[in-house]
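The structure file data-v6.cif is reproduced below (mmCIF, N, CA and C atoms).
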```cif
data_entry
loop_
_atom_site.label_atom_id
_atom_site.label_comp_id
_atom_site.auth_asym_id
_atom_site.auth_seq_id
_atom_site.Cartn_x
_atom_site.Cartn_y
_atom_site.Cartn_z
N MET A 1 246.52 104.82 48.70
CA MET A 1 247.84 105.28 48.32
C MET A 1 248.72 105.18 49.56
N ASP A 2 249.93 104.71 49.40
CA ASP A 2 250.90 104.66 50.50
C ASP A 2 251.92 105.77 50.29
N PRO A 3 251.72 106.92 50.95
CA PRO A 3 252.61 108.06 50.70
C PRO A 3 254.05 107.83 51.11
N PHE A 4 254.31 106.83 51.98
CA PHE A 4 255.69 106.58 52.36
C PHE A 4 256.51 106.00 51.21
N THR A 5 255.83 105.53 50.16
CA THR A 5 256.55 105.03 49.00
C THR A 5 256.86 106.14 48.01
N ILE A 6 256.39 107.34 48.31
CA ILE A 6 256.59 108.48 47.42
C ILE A 6 257.46 109.50 48.13
N LYS A 7 258.70 109.57 47.75
CA LYS A 7 259.61 110.55 48.36
C LYS A 7 260.28 111.31 47.24
N PRO A 8 260.25 112.60 47.22
CA PRO A 8 259.52 113.43 48.18
C PRO A 8 258.02 113.26 47.99
N LEU A 9 257.27 113.69 49.00
CA LEU A 9 255.82 113.59 48.96
C LEU A 9 255.29 114.30 47.71
N ASP A 10 254.46 113.62 46.95
CA ASP A 10 253.95 114.16 45.69
C ASP A 10 252.65 114.93 45.93
N GLN A 11 252.76 116.23 46.10
CA GLN A 11 251.61 117.08 46.40
C GLN A 11 250.54 116.98 45.32
N ASP A 12 250.92 117.00 44.06
CA ASP A 12 249.94 116.92 42.97
C ASP A 12 249.17 115.61 43.01
N LEU A 13 249.86 114.51 43.28
CA LEU A 13 249.20 113.21 43.34
C LEU A 13 248.22 113.15 44.52
N ILE A 14 248.61 113.71 45.65
CA ILE A 14 247.72 113.74 46.81
C ILE A 14 246.46 114.54 46.50
N ILE A 15 246.62 115.70 45.89
CA ILE A 15 245.47 116.54 45.54
C ILE A 15 244.59 115.83 44.51
N LYS A 16 245.21 115.21 43.51
CA LYS A 16 244.45 114.48 42.49
C LYS A 16 243.67 113.33 43.13
N SER A 17 244.30 112.63 44.04
CA SER A 17 243.63 111.52 44.73
C SER A 17 242.47 112.02 45.57
N ALA A 18 242.66 113.15 46.23
CA ALA A 18 241.57 113.73 47.03
C ALA A 18 240.40 114.11 46.14
N ARG A 19 240.67 114.66 44.99
CA ARG A 19 239.61 115.06 44.05
C ARG A 19 238.78 113.84 43.63
N ARG A 20 239.46 112.70 43.43
CA ARG A 20 238.74 111.47 43.05
C ARG A 20 237.92 110.92 44.21
N ALA A 21 238.22 111.35 45.42
CA ALA A 21 237.53 110.88 46.63
C ALA A 21 236.63 111.97 47.21
N GLU A 22 236.04 112.76 46.34
CA GLU A 22 235.12 113.84 46.75
C GLU A 22 235.77 114.80 47.74
N ASN A 23 237.04 115.12 47.49
CA ASN A 23 237.79 116.10 48.28
C ASN A 23 237.97 115.69 49.74
N ARG A 24 238.12 114.40 49.96
CA ARG A 24 238.33 113.89 51.31
C ARG A 24 239.57 113.01 51.35
N ILE A 25 240.29 113.11 52.47
CA ILE A 25 241.47 112.28 52.70
C ILE A 25 241.40 111.79 54.14
N ILE A 26 241.68 110.50 54.33
CA ILE A 26 241.84 109.97 55.68
C ILE A 26 243.24 109.38 55.75
N THR A 27 243.98 109.79 56.78
CA THR A 27 245.30 109.21 57.02
C THR A 27 245.22 108.35 58.27
N VAL A 28 245.98 107.27 58.28
CA VAL A 28 246.02 106.35 59.42
C VAL A 28 247.47 106.05 59.72
N GLU A 29 247.84 106.22 60.99
CA GLU A 29 249.21 105.90 61.38
C GLU A 29 249.21 105.30 62.78
N ASP A 30 250.13 104.39 63.00
CA ASP A 30 250.19 103.68 64.27
C ASP A 30 251.19 104.31 65.24
N HIS A 31 251.18 105.63 65.29
CA HIS A 31 252.03 106.37 66.22
C HIS A 31 251.40 107.73 66.45
N TYR A 32 252.12 108.60 67.16
CA TYR A 32 251.59 109.93 67.45
C TYR A 32 251.39 110.75 66.18
N GLN A 33 250.57 111.78 66.32
CA GLN A 33 250.27 112.67 65.20
C GLN A 33 251.49 113.51 64.80
N ALA A 34 252.23 114.01 65.78
CA ALA A 34 253.35 114.92 65.51
C ALA A 34 254.39 114.25 64.61
N GLY A 35 254.69 114.91 63.52
CA GLY A 35 255.70 114.41 62.60
C GLY A 35 255.24 113.28 61.72
N GLY A 36 253.95 113.01 61.72
CA GLY A 36 253.43 111.88 60.96
C GLY A 36 252.96 112.25 59.57
N ILE A 37 252.44 111.25 58.89
CA ILE A 37 251.98 111.44 57.52
C ILE A 37 250.75 112.35 57.47
N GLY A 38 249.93 112.33 58.52
CA GLY A 38 248.77 113.21 58.56
C GLY A 38 249.17 114.67 58.47
N GLU A 39 250.19 115.04 59.23
CA GLU A 39 250.68 116.42 59.17
C GLU A 39 251.23 116.75 57.79
N ALA A 40 251.96 115.80 57.21
CA ALA A 40 252.55 116.04 55.88
C ALA A 40 251.45 116.21 54.83
N VAL A 41 250.41 115.39 54.91
CA VAL A 41 249.31 115.49 53.95
C VAL A 41 248.56 116.81 54.15
N CYS A 42 248.31 117.19 55.41
CA CYS A 42 247.65 118.48 55.67
C CYS A 42 248.44 119.64 55.08
N GLN A 43 249.74 119.57 55.23
CA GLN A 43 250.59 120.63 54.66
C GLN A 43 250.50 120.62 53.14
N ALA A 44 250.48 119.43 52.54
CA ALA A 44 250.45 119.32 51.08
C ALA A 44 249.17 119.89 50.49
N VAL A 45 248.07 119.83 51.24
CA VAL A 45 246.79 120.31 50.70
C VAL A 45 246.32 121.61 51.36
N SER A 46 247.18 122.25 52.10
CA SER A 46 246.78 123.44 52.87
C SER A 46 246.25 124.58 52.00
N ASP A 47 246.66 124.66 50.75
CA ASP A 47 246.16 125.70 49.85
C ASP A 47 244.81 125.34 49.23
N GLN A 48 244.39 124.11 49.40
CA GLN A 48 243.15 123.61 48.79
C GLN A 48 242.05 123.67 49.84
N LYS A 49 241.34 124.78 49.90
CA LYS A 49 240.35 125.00 50.96
C LYS A 49 239.19 124.01 50.94
N ASP A 50 238.95 123.36 49.81
CA ASP A 50 237.82 122.43 49.71
C ASP A 50 238.18 121.00 50.07
N ILE A 51 239.44 120.71 50.32
CA ILE A 51 239.85 119.35 50.68
C ILE A 51 239.83 119.22 52.20
N ARG A 52 239.12 118.18 52.66
CA ARG A 52 239.03 117.90 54.09
C ARG A 52 239.91 116.71 54.43
N VAL A 53 240.62 116.80 55.53
CA VAL A 53 241.51 115.73 55.97
C VAL A 53 241.09 115.27 57.36
N ARG A 54 241.00 113.98 57.53
CA ARG A 54 240.75 113.37 58.84
C ARG A 54 241.92 112.45 59.12
N SER A 55 242.53 112.58 60.29
CA SER A 55 243.69 111.76 60.64
C SER A 55 243.36 110.87 61.83
N LEU A 56 243.70 109.60 61.69
CA LEU A 56 243.59 108.64 62.79
C LEU A 56 245.00 108.33 63.25
N PHE A 57 245.22 108.39 64.56
CA PHE A 57 246.57 108.18 65.10
C PHE A 57 246.46 107.81 66.57
N VAL A 58 247.56 107.43 67.17
CA VAL A 58 247.60 107.06 68.58
C VAL A 58 247.57 108.33 69.43
N LEU A 59 246.55 108.41 70.30
CA LEU A 59 246.39 109.60 71.15
C LEU A 59 247.12 109.49 72.48
N ASP A 60 247.19 108.28 73.02
CA ASP A 60 247.75 108.08 74.36
C ASP A 60 249.17 107.55 74.30
N VAL A 61 249.77 107.45 75.47
CA VAL A 61 251.07 106.80 75.57
C VAL A 61 250.87 105.34 75.18
N PRO A 62 251.60 104.85 74.19
CA PRO A 62 251.41 103.47 73.73
C PRO A 62 251.65 102.45 74.85
N ARG A 63 250.90 101.39 74.82
CA ARG A 63 251.01 100.29 75.79
C ARG A 63 251.44 99.02 75.07
N SER A 64 251.85 98.05 75.84
CA SER A 64 252.17 96.73 75.30
C SER A 64 250.90 95.89 75.28
N GLY A 65 250.86 94.95 74.36
CA GLY A 65 249.72 94.05 74.30
C GLY A 65 249.61 93.41 72.93
N PRO A 66 248.60 92.57 72.76
CA PRO A 66 248.39 91.93 71.46
C PRO A 66 248.11 92.99 70.39
N PRO A 67 248.73 92.88 69.23
CA PRO A 67 248.56 93.89 68.18
C PRO A 67 247.10 94.22 67.86
N ASP A 68 246.25 93.21 67.71
CA ASP A 68 244.85 93.48 67.37
C ASP A 68 244.15 94.29 68.45
N ALA A 69 244.44 93.97 69.71
CA ALA A 69 243.82 94.70 70.83
C ALA A 69 244.30 96.15 70.85
N LEU A 70 245.57 96.36 70.56
CA LEU A 70 246.12 97.73 70.56
C LEU A 70 245.54 98.55 69.42
N LEU A 71 245.42 97.95 68.24
CA LEU A 71 244.82 98.67 67.11
C LEU A 71 243.40 99.11 67.45
N GLU A 72 242.65 98.23 68.09
CA GLU A 72 241.29 98.56 68.50
C GLU A 72 241.29 99.65 69.57
N LYS A 73 242.15 99.50 70.57
CA LYS A 73 242.23 100.48 71.68
C LYS A 73 242.51 101.89 71.16
N TYR A 74 243.39 102.00 70.18
CA TYR A 74 243.79 103.31 69.69
C TYR A 74 242.97 103.79 68.49
N GLY A 75 241.94 103.02 68.13
CA GLY A 75 241.02 103.47 67.08
C GLY A 75 241.57 103.38 65.68
N ILE A 76 242.52 102.45 65.46
CA ILE A 76 243.10 102.33 64.12
C ILE A 76 243.00 100.91 63.57
N SER A 77 242.07 100.12 64.13
CA SER A 77 241.82 98.78 63.58
C SER A 77 241.03 98.93 62.28
N ALA A 78 240.93 97.86 61.53
CA ALA A 78 240.16 97.90 60.28
C ALA A 78 238.72 98.34 60.56
N LYS A 79 238.13 97.80 61.63
CA LYS A 79 236.76 98.18 62.00
C LYS A 79 236.66 99.67 62.30
N CYS A 80 237.62 100.19 63.04
CA CYS A 80 237.62 101.62 63.39
C CYS A 80 237.82 102.50 62.16
N ILE A 81 238.65 102.05 61.25
CA ILE A 81 238.89 102.82 60.02
C ILE A 81 237.62 102.87 59.18
N VAL A 82 236.95 101.72 59.04
CA VAL A 82 235.69 101.68 58.29
C VAL A 82 234.67 102.63 58.91
N GLU A 83 234.56 102.62 60.24
CA GLU A 83 233.62 103.51 60.93
C GLU A 83 234.00 104.98 60.71
N ALA A 84 235.29 105.29 60.77
CA ALA A 84 235.74 106.68 60.55
C ALA A 84 235.42 107.13 59.13
N VAL A 85 235.62 106.26 58.16
CA VAL A 85 235.29 106.59 56.77
C VAL A 85 233.79 106.84 56.64
N HIS A 86 233.00 105.96 57.23
CA HIS A 86 231.54 106.12 57.17
C HIS A 86 231.11 107.46 57.78
N GLN A 87 231.65 107.79 58.95
CA GLN A 87 231.29 109.06 59.60
C GLN A 87 231.80 110.27 58.81
N PHE A 88 232.92 110.10 58.14
CA PHE A 88 233.48 111.19 57.34
C PHE A 88 232.60 111.47 56.12
N ILE A 89 232.10 110.39 55.52
CA ILE A 89 231.25 110.52 54.33
C ILE A 89 229.82 110.92 54.71
N HIS A 90 229.33 110.36 55.81
CA HIS A 90 227.95 110.61 56.27
C HIS A 90 227.99 111.10 57.71
N PRO A 91 228.35 112.37 57.93
CA PRO A 91 228.45 112.87 59.31
C PRO A 91 227.10 112.84 60.01
N PRO A 92 227.12 112.53 61.32
CA PRO A 92 225.85 112.54 62.07
C PRO A 92 225.28 113.95 62.13
N ASN A 93 223.98 114.04 62.16
CA ASN A 93 223.33 115.36 62.20
C ASN A 93 223.29 115.92 63.58
#
```
I need this file expressed as structure tokens, please.
Amino acid sequence: MDPFTIKPLDQDLIIKSARRAENRIITVEDHYQAGGIGEAVCQAVSDQKDIRVRSLFVLDVPRSGPPDALLEKYGISAKCIVEAVHQFIHPPN
């Protein structure tokens, strides 16, 4: 789901989508966490104690470079997203 296409943010749709995904949501954004979609989604599901949210975002001061290298560096490449989903579904013991 691309929540940026839904304005205002549809809380019911987000919760319904989480329910279909075993009460899990992963957000990915190519910028800082503050003011991002991860925060908005967390707020939308804050009353739902059984829904878990994992957010991937840029942690450091952004640098210049090839897009693919930057996505990998900041942990938001396709490979990193797949790994985050796997760890979210099957956490290490």
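Counting only C-alpha atoms, range 13-26 of chain A has the following residues at most 6 Å away, ignoring those fewer than 4 positions along the same chain: Ile51, Arg52, Val53, Arg54 and Ser55 of chain A.
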Residue nearest Phe57 in chain A - candidates A:Gln33, A:Ser77, A:Gln43, A:Gln87, atoms counted: only C-alpha atoms =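 Using only C-alpha atoms, the shortest distance to Phe57 in chain A belongs to A:Gln33.
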Identify which of the residues A:Leu59, A:Val41, A:Gly36, A:His86 lies closest to Lys73 in chain A, counting all atoms listed in the file when measuring atom-to-atom distances.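 Among the listed residues, A:Leu59 lies closest to Lys73 in chain A.
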Long-range neighbours of Glu83 in chain A as JSON, numbers by chain, 12 Å cut-off, only C-alpha atoms, 6 positions minimum in chain: {"A": [26, 56, 72, 75, 76, 77, 89, 90, 91, 92]}
So what do you get for atom C of Ser64 in chain A versus atom C of Ala84 in chain A, distance-wise?
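Taking atom C of Ser64 in chain A as the start and atom C of Ala84 in chain A as the end point, the length is 25.0 Å.
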What separates atom C of Val58 in chain A and atom C of His31 in chain A is a distance of 4.9 Å
If I wrap all listed atoms of range 26-38 of chain A in a box with edges along x, y and z and add 3 Å on each side, what are its centre and edge lengths in Å to one decimal, as JSON?
```
{"center_x": 248.7, "center_y": 109.3, "center_z": 60.9, "size_x": 20.0, "size_y": 17.2, "size_z": 19.1}
```
DSSP-assigned helix (DSSP H, G or I) members of range 1-61 of chain A, reported as a ChimeraX atom specification:
/A:3-5,11-20,37-44
Quick one: write out the picked residues with N, CA and C atoms as a PDB file, in the frame of the given file?
```pdb
ATOM      1  N   PRO A   3     251.720 106.920  50.950  1.00  0.00           N
ATOM      2  CA  PRO A   3     252.610 108.060  50.700  1.00  0.00           C
ATOM      3  C   PRO A   3     254.050 107.830  51.110  1.00  0.00           C
ATOM      4  N   PHE A   4     254.310 106.830  51.980  1.00  0.00           N
ATOM      5  CA  PHE A   4     255.690 106.580  52.360  1.00  0.00           C
ATOM      6  C   PHE A   4     256.510 106.000  51.210  1.00  0.00           C
ATOM      7  N   THR A   5     255.830 105.530  50.160  1.00  0.00           N
ATOM      8  CA  THR A   5     256.550 105.030  49.000  1.00  0.00           C
ATOM      9  C   THR A   5     256.860 106.140  48.010  1.00  0.00           C
ATOM     10  N   GLN A  11     252.760 116.230  46.100  1.00  0.00           N
ATOM     11  CA  GLN A  11     251.610 117.080  46.400  1.00  0.00           C
ATOM     12  C   GLN A  11     250.540 116.980  45.320  1.00  0.00           C
ATOM     13  N   ASP A  12     250.920 117.000  44.060  1.00  0.00           N
ATOM     14  CA  ASP A  12     249.940 116.920  42.970  1.00  0.00           C
ATOM     15  C   ASP A  12     249.170 115.610  43.010  1.00  0.00           C
ATOM     16  N   LEU A  13     249.860 114.510  43.280  1.00  0.00           N
ATOM     17  CA  LEU A  13     249.200 113.210  43.340  1.00  0.00           C
ATOM     18  C   LEU A  13     248.220 113.150  44.520  1.00  0.00           C
ATOM     19  N   ILE A  14     248.610 113.710  45.650  1.00  0.00           N
ATOM     20  CA  ILE A  14     247.720 113.740  46.810  1.00  0.00           C
ATOM     21  C   ILE A  14     246.460 114.540  46.500  1.00  0.00           C
ATOM     22  N   ILE A  15     246.620 115.700  45.890  1.00  0.00           N
ATOM     23  CA  ILE A  15     245.470 116.540  45.540  1.00  0.00           C
ATOM     24  C   ILE A  15     244.590 115.830  44.510  1.00  0.00           C
ATOM     25  N   LYS A  16     245.210 115.210  43.510  1.00  0.00           N
ATOM     26  CA  LYS A  16     244.450 114.480  42.490  1.00  0.00           C
ATOM     27  C   LYS A  16     243.670 113.330  43.130  1.00  0.00           C
ATOM     28  N   SER A  17     244.300 112.630  44.040  1.00  0.00           N
ATOM     29  CA  SER A  17     243.630 111.520  44.730  1.00  0.00           C
ATOM     30  C   SER A  17     242.470 112.020  45.570  1.00  0.00           C
ATOM     31  N   ALA A  18     242.660 113.150  46.230  1.00  0.00           N
ATOM     32  CA  ALA A  18     241.570 113.730  47.030  1.00  0.00           C
ATOM     33  C   ALA A  18     240.400 114.110  46.140  1.00  0.00           C
ATOM     34  N   ARG A  19     240.670 114.660  44.990  1.00  0.00           N
ATOM     35  CA  ARG A  19     239.610 115.060  44.050  1.00  0.00           C
ATOM     36  C   ARG A  19     238.780 113.840  43.630  1.00  0.00           C
ATOM     37  N   ARG A  20     239.460 112.700  43.430  1.00  0.00           N
ATOM     38  CA  ARG A  20     238.740 111.470  43.050  1.00  0.00           C
ATOM     39  C   ARG A  20     237.920 110.920  44.210  1.00  0.00           C
ATOM     40  N   ILE A  37     252.440 111.250  58.890  1.00  0.00           N
ATOM     41  CA  ILE A  37     251.980 111.440  57.520  1.00  0.00           C
ATOM     42  C   ILE A  37     250.750 112.350  57.470  1.00  0.00           C
ATOM     43  N   GLY A  38     249.930 112.330  58.520  1.00  0.00           N
ATOM     44  CA  GLY A  38     248.770 113.210  58.560  1.00  0.00           C
ATOM     45  C   GLY A  38     249.170 114.670  58.470  1.00  0.00           C
ATOM     46  N   GLU A  39     250.190 115.040  59.230  1.00  0.00           N
ATOM     47  CA  GLU A  39     250.680 116.420  59.170  1.00  0.00           C
ATOM     48  C   GLU A  39     251.230 116.750  57.790  1.00  0.00           C
ATOM     49  N   ALA A  40     251.960 115.800  57.210  1.00  0.00           N
ATOM     50  CA  ALA A  40     252.550 116.040  55.880  1.00  0.00           C
ATOM     51  C   ALA A  40     251.450 116.210  54.830  1.00  0.00           C
ATOM     52  N   VAL A  41     250.410 115.390  54.910  1.00  0.00           N
ATOM     53  CA  VAL A  41     249.310 115.490  53.950  1.00  0.00           C
ATOM     54  C   VAL A  41     248.560 116.810  54.150  1.00  0.00           C
ATOM     55  N   CYS A  42     248.310 117.190  55.410  1.00  0.00           N
ATOM     56  CA  CYS A  42     247.650 118.480  55.670  1.00  0.00           C
ATOM     57  C   CYS A  42     248.440 119.640  55.080  1.00  0.00           C
ATOM     58  N   GLN A  43     249.740 119.570  55.230  1.00  0.00           N
ATOM     59  CA  GLN A  43     250.590 120.630  54.660  1.00  0.00           C
ATOM     60  C   GLN A  43     250.500 120.620  53.140  1.00  0.00           C
ATOM     61  N   ALA A  44     250.480 119.430  52.540  1.00  0.00           N
ATOM     62  CA  ALA A  44     250.450 119.320  51.080  1.00  0.00           C
ATOM     63  C   ALA A  44     249.170 119.890  50.490  1.00  0.00           C
TER      64      ALA A  44
END
```
| request: Determine which residues of chain A DSSP labels as strand (DSSP E) from the backbone of this structure, then write them out as an NGL selection string. | output: :A and (24-28 or 52-56)
### Distance query Ile37 in chain A at most 8 Å, only N, CA and C atoms, self and fewer than 2 positions along chain excluded, as a ChimeraX atom specification
/A:3-4,27-29,32-35,39-43,55
